[in-house]
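Trainee: Handing you a structure now.
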Amino acid sequence: MNICLQNVCPIPLKEQDLAPTSVWKTDCNFNSPEYVLIEATSGRGKTTFLSCLYGIRTDYEGQIAFDNKNTRTNNLKQWSQLRQTAVSIVFQDLRLFPDLTARENLQLKQKLTQTVNNDEILSMAELLEVDHKLDQKVRFLSLGQQQRFAIIRALTQPFKWLLLDEPFSHLDTKNTAKAITLIDNCCKKNDAGLFLTSLNEDHSLPFSRTIMI
Amino acid sequence: MIARLILRTQKTWQLILAIIGSLFGLTLLLFSTQVYLDINEIINSNKELINPQYLIINKQVSIFNTFTKVSPDFSEENIAELKKVKTVINIAGFKASTFSASAFINNDEHTSLPALSTDLFFESIPNEYLDVKPENWKWGKDDDIVPIIIPADYLNLYNFGFAPSQHLPQVSKGSIGMVTFNIRIKGKDTTAILKGQIAGFSNRINTILVPEQFMDYANKTFGDNETKRPSRLIVVSNDPTSTELSKYLKTKGYETNTESLKSGKLNSLLKMLLIIVTIVGVVIIFLSLLAFIQYSQLLIGNADYEIKTLIQLGVYFLSIARIIILFFTAIFTFILGGSLIAVYILKQKLLVFTQTYGFEISTNLSPTIYKYGFAIIGLLILINIGSIIISVRRLAK
């Protein structure tokens with residue numbers, strides 16, 4: 001799936017000085033399966049960039065097109081279709097439901113998209129070493145555990161692009177490596193690309209390009 | 001699971017209060033409608049109880065009439081116009097005598113009675129307007145005795161007013177009917193003496209009545225032979241309390257014997273009471289509708305994070321709205337069922353009450369009640385659906 005940005009700039013960032021490698025106010029194309037690393041210091045618009053792609057924010061100028069279709073013209077039905085089949089996301093603030101158990105959080109997505117079965121969920125949880133936490137309410141889990149469940153949730157649906165917003169911020173090196181392996185495998189299985197925002201560069205994913213914002 | 005996620009955020013006691021409120025309001029509304037329908041049923045099956053009503057109408061007498069001696073009478077057009085008023089069924093004019101008459105009793109004829117003489121006037125109306133139908137209420141040319149109906153009040157006046165003060169004996173209706181007396185009729189150039197007899201007492205008509213046949217004959221024979229226009233009308237109306245009729249009478253300056261409208265007034269008072277109860281019911285329904293809309297907004301507001309996140313995870317906003325709509329539709333259906341049961345129970349109580357007074361009403365609820373109930377609840381459901389869809393959609397944007 002092709003993502004094409006034409007002269008996009010979020011309205012709040014209009015007055016800011018932009019780096020020459022920035023995605024803002026320029027034309028750029030991304031084609032899955034391509035791994036894109038987005039690097040920037042805090043407050044430069046990394047999350048804004050992913051939110052614009054995901055259709056949560058529309059306060060930008062310019063045009064974002066998926067396979068030549070301007071996403072601004074999508075209605076709510078089309079967005080819900082895209083989010084179920086083409087674009088998956090791990091939010092920076094995770095957005096799990098704290099009063100549901102981890103398993104129920106995953107089942108929501110499972111029921112919505114009918115992609116994975118319970119065994120696959122279990123094996124993903126085992127890989128990330130959170131399988132023993134599946135039946136606990138999310139509010140009682142540590143941030144690191146929550147982050148791993150958020151990653152699993154994003155992977156249990158079909159997608160062409162995976163948007164990862166600082167997905168390893170609460171994970172240690174060992175768990176980060178495991179998560180990266182899982183993400184890489186899932187992207188390959190789906191023939192999908194990914195956008196990853198991160199504060200530090202030491203990720204062992206084969207990025208095709210790095211964008212500074 | 002989505003349902004659990006969204007609906008768990010609610011405050012139950014607010015919901016319970018809203019349910020109780022609308023249950024109460026709908027029951028009040030439906031029951032008062034049912035009572036209204038039942039009263040109409042009673043009225044319709046007991047026509048003689050309240051319907052139709054007889055009104056006696058005359059024009060106001062002004063000082064002008066006193067000086068000109070012109071009686072304020074009704075023209076043909078007046079009557080035709082009055083007939084067009086909605087609730088008026090029929091009208092007849094009072095025929096007045098155009099001759100002078102007096103009644104007298106001679107000493108020698110009835111020794112038990114004192115000799116007396118009094119000037120009289122007669123009027124007549126068609127028989128169907130009478131409230132009493134005496135057996136001998138007819139007159140032919142060969143009949144000796146003229147039957148007369150006098151107001152029942154006259155007898156009461158005599159028996160309870162005049163007789164005790166003059167130390168005279170009281171008389172019964174039966175004994176008066178046995179007395180015959182002489183009637184002297186004086187025309188332009190002829191005089192005749194006839195016999196008269198009290199044939200009955202009327203509660204409805206406040207005049208001295210003779211049979212129409214006699215009136216026609218006497219006016220022709222002794223009167224000045226010109227047909228006089230009636231100065232009083234008797235009006236049959238199926239709803240004399242109708243504002244249309246009373247407004248018409250007022251604008252025309254006609255007077256009426258308002259006393260006879262008492263039962264009608266009672267009827268309209270009852271209607272008024274029921275209208276007030278109905279209005280209260282409508283207000284309660286309206287308030288509880290507001291409560292429900294506010295409650296559903298509150299529910300959506302409380303589940304703001306959940307709804308937004310679900311939509312961001314790819315759930316279509318209408319699937320979320322549908323869950324909330326189903327939840328409220330179930331509640332509204334419960335309210336409808338509950339209040340229909342309550343109205344049915346109240347109706348059974350009412351049935352016992354009316355039966356002790358001898359009125360028959362049907363045991364089941366009227367179809368109208370079901371229609372109203374479904375219509376109101378349907379409307380509430382529709383309005384609520386609209387408000388839910390709008391506010392969930394707002395979160396999706």
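Letters for chains follow the order of the structure tokens (A, B, ...), residue numbers begin at 1 for each chain, and ligand numbers begin at 1 in the order shown.
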Just list as a PDB file with C-alpha atoms, in the first residue's frame whatever in segment 56-138 of chain B DSSP marks as helix (DSSP H, G or I).
Mentor:
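Contents of states22.pdb, as written:
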```pdb
ATOM      1  CA  ILE B  63     -86.179  49.064  28.702  1.00  0.00           C
ATOM      2  CA  PHE B  64     -86.895  49.630  25.036  1.00  0.00           C
ATOM      3  CA  ASN B  65     -89.256  46.659  25.058  1.00  0.00           C
ATOM      4  CA  THR B  66     -91.028  48.007  28.123  1.00  0.00           C
ATOM      5  CA  PHE B  67     -91.925  51.256  26.439  1.00  0.00           C
ATOM      6  CA  THR B  68     -92.692  49.997  22.951  1.00  0.00           C
ATOM      7  CA  GLU B  76     -87.102  32.764  11.117  1.00  0.00           C
ATOM      8  CA  GLU B  77     -83.505  33.726  10.399  1.00  0.00           C
ATOM      9  CA  ASN B  78     -82.648  33.713  14.100  1.00  0.00           C
ATOM     10  CA  ILE B  79     -83.941  30.174  14.388  1.00  0.00           C
ATOM     11  CA  ALA B  80     -82.275  28.973  11.192  1.00  0.00           C
ATOM     12  CA  GLU B  81     -78.970  30.401  12.364  1.00  0.00           C
ATOM     13  CA  LEU B  82     -79.262  28.820  15.787  1.00  0.00           C
ATOM     14  CA  LYS B  83     -80.006  25.493  14.180  1.00  0.00           C
ATOM     15  CA  ASN B 127     -95.357  17.177  22.442  1.00  0.00           C
ATOM     16  CA  GLU B 128     -91.900  15.672  21.932  1.00  0.00           C
ATOM     17  CA  TYR B 129     -90.341  18.473  23.970  1.00  0.00           C
TER      18      TYR B 129
END
```
Trainee: Up to 10 Å from chain A, what residues of chain B turn up? Count only C-alpha atoms and give them as a PyMOL selection string.
Mentor: chain B and resi 1-2+4-5+8+305-306+308-318+393+396-397
Trainee: Of the residues A:Phe149, A:Trp161, A:Phe168, A:Phe66, which is the one nearest to Cys4 of chain A, using only C-alpha atoms?
Mentor: A:Phe66
Trainee: Which neighbours of Asn136 of chain B fall inside 12 Å, counting only C-alpha atoms, when residues of the same chain fewer than 4 positions from it are skipped, and could you give them as a ChimeraX atom specification?
Mentor: /B:132,140,143,145-149,177,196-200,210-211
Trainee: Go ahead and save the picked residues with all heavy atoms, as a compact mmCIF listing (two decimals), in the first residue's frame.
Mentor:
```
# COMPACT_ATOMS: atom_id res chain seq x y z
N VAL B 132 -93.20 15.40 30.65
CA VAL B 132 -94.29 14.56 31.17
C VAL B 132 -95.26 14.29 30.02
O VAL B 132 -95.46 15.16 29.16
CB VAL B 132 -95.04 15.25 32.35
CG1 VAL B 132 -94.22 15.14 33.61
CG2 VAL B 132 -95.37 16.69 32.02
N GLY B 140 -109.47 17.62 21.20
CA GLY B 140 -110.18 17.68 19.93
C GLY B 140 -111.31 18.69 20.06
O GLY B 140 -111.65 19.11 21.17
N ASP B 143 -113.99 17.86 22.56
CA ASP B 143 -113.66 17.62 23.97
C ASP B 143 -114.12 18.78 24.84
O ASP B 143 -113.97 19.95 24.47
CB ASP B 143 -112.15 17.41 24.14
CG ASP B 143 -111.70 16.07 23.58
OD1 ASP B 143 -112.54 15.15 23.46
OD2 ASP B 143 -110.51 15.94 23.22
N ILE B 145 -113.08 19.18 28.06
CA ILE B 145 -112.07 19.61 29.04
C ILE B 145 -110.74 19.86 28.36
O ILE B 145 -110.28 19.07 27.53
CB ILE B 145 -111.92 18.53 30.13
CG1 ILE B 145 -113.22 18.43 30.93
CG2 ILE B 145 -110.75 18.85 31.05
CD1 ILE B 145 -113.26 17.30 31.91
N VAL B 146 -110.13 20.99 28.68
CA VAL B 146 -108.80 21.32 28.16
C VAL B 146 -107.76 20.89 29.19
O VAL B 146 -107.75 21.41 30.31
CB VAL B 146 -108.67 22.84 27.91
CG1 VAL B 146 -107.29 23.16 27.34
CG2 VAL B 146 -109.77 23.33 26.99
N PRO B 147 -106.88 19.93 28.83
CA PRO B 147 -105.82 19.56 29.79
C PRO B 147 -104.75 20.65 29.85
O PRO B 147 -104.44 21.27 28.83
CB PRO B 147 -105.26 18.26 29.21
CG PRO B 147 -105.59 18.31 27.76
CD PRO B 147 -106.81 19.15 27.59
N ILE B 148 -104.23 20.85 31.03
CA ILE B 148 -103.24 21.92 31.25
C ILE B 148 -102.05 21.36 32.02
O ILE B 148 -102.22 20.58 32.96
CB ILE B 148 -103.87 23.10 32.03
CG1 ILE B 148 -104.95 23.77 31.17
CG2 ILE B 148 -102.81 24.12 32.45
CD1 ILE B 148 -105.80 24.75 31.94
N ILE B 149 -100.86 21.73 31.60
CA ILE B 149 -99.66 21.37 32.38
C ILE B 149 -99.11 22.64 33.00
O ILE B 149 -98.93 23.66 32.32
CB ILE B 149 -98.60 20.71 31.48
CG1 ILE B 149 -99.08 19.32 31.01
CG2 ILE B 149 -97.27 20.58 32.22
CD1 ILE B 149 -98.14 18.63 30.05
N GLY B 177 -105.40 17.06 40.17
CA GLY B 177 -105.80 16.55 38.87
C GLY B 177 -107.31 16.25 38.80
O GLY B 177 -107.88 16.17 37.71
N GLY B 196 -111.39 23.34 32.31
CA GLY B 196 -109.96 23.00 32.32
C GLY B 196 -109.63 22.04 33.45
O GLY B 196 -110.37 21.92 34.42
N GLN B 197 -108.53 21.34 33.27
CA GLN B 197 -108.11 20.38 34.29
C GLN B 197 -106.58 20.30 34.27
O GLN B 197 -105.97 20.29 33.19
CB GLN B 197 -108.71 19.01 33.97
CG GLN B 197 -108.54 18.01 35.07
CD GLN B 197 -109.24 16.69 34.75
OE1 GLN B 197 -109.31 16.29 33.57
NE2 GLN B 197 -109.78 16.04 35.75
N ILE B 198 -105.97 20.25 35.47
CA ILE B 198 -104.50 20.12 35.53
C ILE B 198 -104.16 18.67 35.18
O ILE B 198 -104.54 17.74 35.88
CB ILE B 198 -103.95 20.45 36.93
CG1 ILE B 198 -104.39 21.84 37.38
CG2 ILE B 198 -102.43 20.31 36.94
CD1 ILE B 198 -103.78 22.99 36.64
N ALA B 199 -103.43 18.50 34.09
CA ALA B 199 -103.13 17.14 33.65
C ALA B 199 -101.75 16.70 34.13
O ALA B 199 -101.47 15.50 34.24
CB ALA B 199 -103.19 17.06 32.13
N GLY B 200 -100.85 17.62 34.39
CA GLY B 200 -99.52 17.21 34.81
C GLY B 200 -98.67 18.39 35.26
O GLY B 200 -99.09 19.55 35.16
N VAL B 210 -100.85 24.25 27.19
CA VAL B 210 -102.05 23.55 26.71
C VAL B 210 -101.63 22.77 25.47
O VAL B 210 -100.60 23.08 24.87
CB VAL B 210 -103.19 24.54 26.35
CG1 VAL B 210 -103.74 25.20 27.59
CG2 VAL B 210 -102.71 25.58 25.35
N PRO B 211 -102.41 21.76 25.06
CA PRO B 211 -102.05 21.01 23.85
C PRO B 211 -102.01 21.92 22.64
O PRO B 211 -102.78 22.89 22.55
CB PRO B 211 -103.17 19.97 23.73
CG PRO B 211 -103.70 19.83 25.09
CD PRO B 211 -103.57 21.16 25.75
```
Trainee: Could you work out how far atom CA of Gln34 of chain B lies from atom CA of Thr278 of chain B, giving the answer in Å with one decimal?
Mentor: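 Interatomic distance here is 10.5 Å.
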Trainee: Which is closest to Pro167 of chain A among A:Thr47, A:Asn31, A:Ser204, A:Ser198, if we use only C-alpha atoms?
Mentor: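 Selected residue with least distance to Pro167 of chain A: A:Ser198.
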Trainee: With only C-alpha atoms as the counted atoms, please give the residues lying no more than 9 Å from segment 332-335 of chain B, apart from itself and same-chain residues fewer than 6 positions off, as number ranges by chain.
Mentor: B: 19-20, 22-23, 26, 377-378, 380-381
Trainee: Could you pull out the residues in segment 61-263 of chain B that DSSP calls strand (DSSP E) from the backbone, as JSON, numbers by chain?
Mentor: {"B": [88, 89, 90, 91, 92, 93, 95, 96, 100, 101, 102, 103, 104, 105, 116, 117, 118, 119, 120, 123, 124, 145, 146, 147, 148, 149, 150, 151, 180, 181, 182, 183, 184, 185, 186, 191, 192, 193, 194, 195, 196, 197, 198, 199, 200, 201, 202, 232, 233, 234, 235, 236, 237, 254, 255, 256]}
Trainee: Would you put the residues from that selection into a file with C-alpha atoms, as a compact mmCIF listing (two decimals), in the first residue's frame?
Mentor:
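Contents of the output file selection.txt:
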```
# COMPACT_ATOMS: atom_id res chain seq x y z
CA VAL B 88 -78.01 21.88 18.48
CA ILE B 89 -80.24 18.98 17.47
CA ASN B 90 -83.63 20.61 17.25
CA ILE B 91 -85.50 23.81 18.02
CA ALA B 92 -89.12 24.64 18.60
CA GLY B 93 -90.73 27.97 19.37
CA LYS B 95 -96.66 29.38 20.73
CA ALA B 96 -98.31 32.06 22.82
CA SER B 100 -107.07 36.78 26.97
CA ALA B 101 -108.14 34.05 29.32
CA SER B 102 -109.06 33.65 32.94
CA ALA B 103 -109.78 30.73 35.19
CA PHE B 104 -112.49 30.84 37.80
CA ILE B 105 -114.31 28.57 40.17
CA LEU B 116 -111.62 32.37 42.95
CA SER B 117 -110.70 33.87 39.68
CA THR B 118 -107.40 34.59 38.00
CA ASP B 119 -106.22 35.92 34.68
CA LEU B 120 -104.25 33.45 32.65
CA GLU B 123 -98.39 28.64 25.72
CA SER B 124 -97.81 25.46 23.81
CA ILE B 145 -112.07 19.61 29.04
CA VAL B 146 -108.80 21.32 28.16
CA PRO B 147 -105.82 19.56 29.79
CA ILE B 148 -103.24 21.92 31.25
CA ILE B 149 -99.66 21.37 32.38
CA ILE B 150 -98.30 23.74 34.95
CA PRO B 151 -94.76 24.00 36.30
CA THR B 180 -112.02 20.89 37.06
CA PHE B 181 -112.41 24.62 36.73
CA ASN B 182 -113.84 27.06 34.26
CA ILE B 183 -111.86 28.89 31.68
CA ARG B 184 -113.23 32.04 30.19
CA ILE B 185 -111.77 32.94 26.82
CA LYS B 186 -112.29 36.42 25.48
CA THR B 191 -116.44 34.90 24.58
CA ALA B 192 -116.45 31.21 25.44
CA ILE B 193 -116.38 29.26 28.66
CA LEU B 194 -114.58 25.95 28.68
CA LYS B 195 -113.55 23.50 31.34
CA GLY B 196 -109.96 23.00 32.32
CA GLN B 197 -108.11 20.38 34.29
CA ILE B 198 -104.50 20.12 35.53
CA ALA B 199 -103.13 17.14 33.65
CA GLY B 200 -99.52 17.21 34.81
CA PHE B 201 -96.57 19.08 36.26
CA SER B 202 -93.47 19.89 34.33
CA ARG B 232 -89.07 31.85 23.67
CA LEU B 233 -87.41 28.84 22.09
CA ILE B 234 -86.83 25.36 23.40
CA VAL B 235 -83.53 23.99 22.14
CA VAL B 236 -82.43 20.37 22.21
CA SER B 237 -78.68 20.02 22.39
CA TYR B 254 -79.83 35.36 24.38
CA GLU B 255 -80.66 34.30 27.91
CA THR B 256 -81.05 30.75 29.04
```
Trainee: Write out as a PyMOL selection string each polymer residue whose atoms come within 12 Å of Gly386 of chain B, counting only C-alpha atoms; drop sequence neighbours fewer than 3 positions from it.
Mentor: chain B and resi 293+296-297+318+321-322+324-325+379-383+389-393
Trainee: Could you save the residues just selected, with C-alpha atoms, as a PDB file, in the first residue's frame?
Mentor:
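Generated file (part_16.pdb):
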```
ATOM      1  CA  ILE B 293     -31.846  11.935  26.883  1.00  0.00           C
ATOM      2  CA  SER B 296     -27.954   8.629  27.614  1.00  0.00           C
ATOM      3  CA  GLN B 297     -25.732  11.676  27.082  1.00  0.00           C
ATOM      4  CA  LEU B 318     -22.945   2.798  14.501  1.00  0.00           C
ATOM      5  CA  ALA B 321     -24.560   3.423  18.973  1.00  0.00           C
ATOM      6  CA  ARG B 322     -26.602   0.294  18.270  1.00  0.00           C
ATOM      7  CA  ILE B 324     -26.689   1.896  23.514  1.00  0.00           C
ATOM      8  CA  ILE B 325     -29.883   2.156  21.457  1.00  0.00           C
ATOM      9  CA  LEU B 379     -41.621   8.531  19.739  1.00  0.00           C
ATOM     10  CA  LEU B 380     -39.377   8.389  22.815  1.00  0.00           C
ATOM     11  CA  ILE B 381     -37.340   5.599  21.237  1.00  0.00           C
ATOM     12  CA  LEU B 382     -36.955   7.531  17.985  1.00  0.00           C
ATOM     13  CA  ILE B 383     -35.904  10.751  19.705  1.00  0.00           C
ATOM     14  CA  ILE B 389     -26.380   8.555  17.115  1.00  0.00           C
ATOM     15  CA  ILE B 390     -25.566  12.251  17.068  1.00  0.00           C
ATOM     16  CA  SER B 391     -23.468  12.134  20.220  1.00  0.00           C
ATOM     17  CA  VAL B 392     -21.611   8.899  19.414  1.00  0.00           C
ATOM     18  CA  ARG B 393     -20.852  10.280  15.979  1.00  0.00           C
TER      19      ARG B 393
END
```
Trainee: What does the distance from atom CA of Leu128 of chain A to atom CA of Leu199 of chain A come to in Å, to one decimal?
Mentor: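 Taking atom CA of Leu128 of chain A as the start and atom CA of Leu199 of chain A as the end point, the length is 22.0 Å.
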